[in-house]
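K.L.:
Here it is, the structure, as structure tokens.
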Amino acid sequence: MSVESYTSYGTVPFFKKDGEILFLIVRHADGHWGFPKGHQDFGETPLQTAKRELFEETGIEDAEIRENIRFEEHYQYEDGGTVFNKTVVYFLTEAWHENTRTPVDFAKEIPEIRWVSFEEGMKTLIFEESKEILKQAHETLREGQA
């Protein structure tokens, strides 16, 4: 069995509405909820990858990616006899409006998008790694570090 390692990049989008912080989560085709993320295309910087994936999966272009505020998750999975060690680096990202839509080309990959409170996000996310990313983002924002 071979082992491969790679890194993907994404965002933890948030929006401030009436004094509340909402987080954007996306439902992947396999049914689990998470944050917008994806593979780095040749020649892209991590920030360019995160920005492109945010747009492709949610339609959001008007946002401020906080390059200096990052969260990482690490996990392993097996596919076709290969074990993959995956790292995902997420950038905290403030959206300037709530308007979202999954572009038609990505509707099968991301069938649903939802803005959620921290509490709702903790109930909706199933992977502990994703919950930990949400906790870290929530704490960072509550402490005024972003």
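Following the order of the structure tokens, chains are lettered A, B, ..., residues in each are numbered from 1, and ligands are numbered from 1.
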Identify, on the basis of only C-alpha atoms, every residue whose closest approach to range 128-133 of chain A does not exceed 8 Å; exclude the query and any residue fewer than 2 positions from it along the same chain; express the result as number ranges by chain.

P.N.:
A: 34-35, 71-74, 121-122, 125-126, 135-137

K.L.:
Would you list the contacts of Tyr6 in chain A as a VMD selection string, taking every protein, DNA or RNA residue within 10 Å and counting only C-alpha atoms, but skipping same-chain residues closer than 3 positions in sequence?

P.N.:
chain A and resid 39 to 40 84 to 88

K.L.:
If you count only C-alpha atoms, which residues fall within 9 Å of Arg114 in chain A, apart from same-chain ones fewer than 4 positions away, as a PyMOL selection string?

P.N.:
chain A and resi 23-27+100

K.L.:
Which neighbours of range 46-49 of chain A fall inside 9 Å, counting only C-alpha atoms, when residues of the same chain fewer than 4 positions from it are skipped, and could you give them as a list in words?

P.N.:
Ser8, Tyr9, Gly10, Lys37, Gly38, His39, Gln40, Asp41, Glu53, Leu54, Ile65, Glu67, Val89 and Phe91 of chain A

K.L.:
What gap, in Å, lies between CA of Glu112 in chain A and CA of Thr124 in chain A?

P.N.:
12.7 Å

K.L.:
Rank nothing, just name the residue among A:Glu64, A:Glu20, A:Glu4, A:Glu44 nearest to Trp115 in chain A, using only C-alpha atoms.

P.N.:
A:Glu20

K.L.:
Tell me which protein, DNA and RNA residues are within 12 Å of Asp30 in chain A, counting only C-alpha atoms, leaving out same-chain ones fewer than 6 positions away, and put them as a PDB file with N, CA and C atoms, in the first residue's frame.

P.N.:
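For reference, result-v9.pdb as written:
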```pdb
ATOM      1  N   LYS A 108     -23.392  19.720  -8.325  1.00  0.00           N
ATOM      2  CA  LYS A 108     -23.323  18.313  -7.923  1.00  0.00           C
ATOM      3  C   LYS A 108     -22.313  18.120  -6.792  1.00  0.00           C
ATOM      4  N   GLU A 109     -21.246  18.898  -6.837  1.00  0.00           N
ATOM      5  CA  GLU A 109     -20.203  18.798  -5.813  1.00  0.00           C
ATOM      6  C   GLU A 109     -20.664  19.408  -4.491  1.00  0.00           C
ATOM      7  N   ILE A 110     -21.362  20.539  -4.574  1.00  0.00           N
ATOM      8  CA  ILE A 110     -21.839  21.267  -3.393  1.00  0.00           C
ATOM      9  C   ILE A 110     -23.344  21.509  -3.556  1.00  0.00           C
ATOM     10  N   PRO A 111     -24.184  20.563  -3.141  1.00  0.00           N
ATOM     11  CA  PRO A 111     -25.620  20.715  -3.352  1.00  0.00           C
ATOM     12  C   PRO A 111     -26.319  21.698  -2.416  1.00  0.00           C
ATOM     13  N   GLU A 112     -25.662  22.107  -1.323  1.00  0.00           N
ATOM     14  CA  GLU A 112     -26.328  23.005  -0.383  1.00  0.00           C
ATOM     15  C   GLU A 112     -25.312  23.860   0.363  1.00  0.00           C
TER      16      GLU A 112
END
```

K.L.:
Report, in Å to a single decimal, how far apart CA of Val12 in chain A and CA of Tyr90 in chain A are.

P.N.:
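Computing the Euclidean distance for CA of Tyr90 in chain A and CA of Val12 in chain A yields 6.2 Å.
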
K.L.:
Write out as a list in words all residues of range 69-100 of chain A that DSSP puts in strand (DSSP E) for this structure's backbone.

P.N.:
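Those in range 69-100 of chain A that DSSP calls strand (DSSP E) are Ile69, Arg70, Phe71, Glu72, Glu73, His74, Tyr75, Gln76, Tyr77, Glu78, Asp79, Thr82, Val83, Phe84, Asn85, Lys86, Thr87, Val88, Val89, Tyr90, Phe91, Leu92, Thr93, Glu94 and Ala95 of chain A.
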
K.L.:
Next, the residues of the selection above should be written as a CSV table (one decimal), in the first residue's frame with C-alpha atoms.

P.N.:
```csv
chain,number,residue,atom,x,y,z
A,69,ILE,CA,-5.3,34.0,10.5
A,70,ARG,CA,-5.1,30.3,9.5
A,71,PHE,CA,-6.4,27.1,10.9
A,72,GLU,CA,-5.2,23.6,10.0
A,73,GLU,CA,-6.8,20.2,10.0
A,74,HIS,CA,-5.0,16.9,9.4
A,75,TYR,CA,-6.6,13.6,8.5
A,76,GLN,CA,-6.0,10.4,6.7
A,77,TYR,CA,-8.1,8.3,4.3
A,78,GLU,CA,-7.7,5.4,1.9
A,79,ASP,CA,-8.7,5.3,-1.7
A,82,THR,CA,-3.4,4.3,-1.4
A,83,VAL,CA,-3.3,6.0,2.0
A,84,PHE,CA,-3.6,9.8,1.8
A,85,ASN,CA,-2.3,12.1,4.6
A,86,LYS,CA,-4.2,15.3,4.0
A,87,THR,CA,-3.7,18.7,5.5
A,88,VAL,CA,-6.2,21.5,4.9
A,89,VAL,CA,-5.2,25.1,5.6
A,90,TYR,CA,-8.2,27.4,6.1
A,91,PHE,CA,-8.1,31.2,6.0
A,92,LEU,CA,-10.5,33.1,8.2
A,93,THR,CA,-12.6,35.1,5.7
A,94,GLU,CA,-15.2,37.9,6.2
A,95,ALA,CA,-17.9,38.0,3.7
```

K.L.:
Rounded to one decimal in Å, what is the spacing between CA of Phe127 in chain A and CA of Ser5 in chain A?

P.N.:
19.9 Å

K.L.:
Going by DSSP on the backbone, which residues of chain A come out as alpha helix (DSSP H)? List them as an MDAnalysis selection string.

P.N.:
chainID A and resid 46:58 118:124 128:142
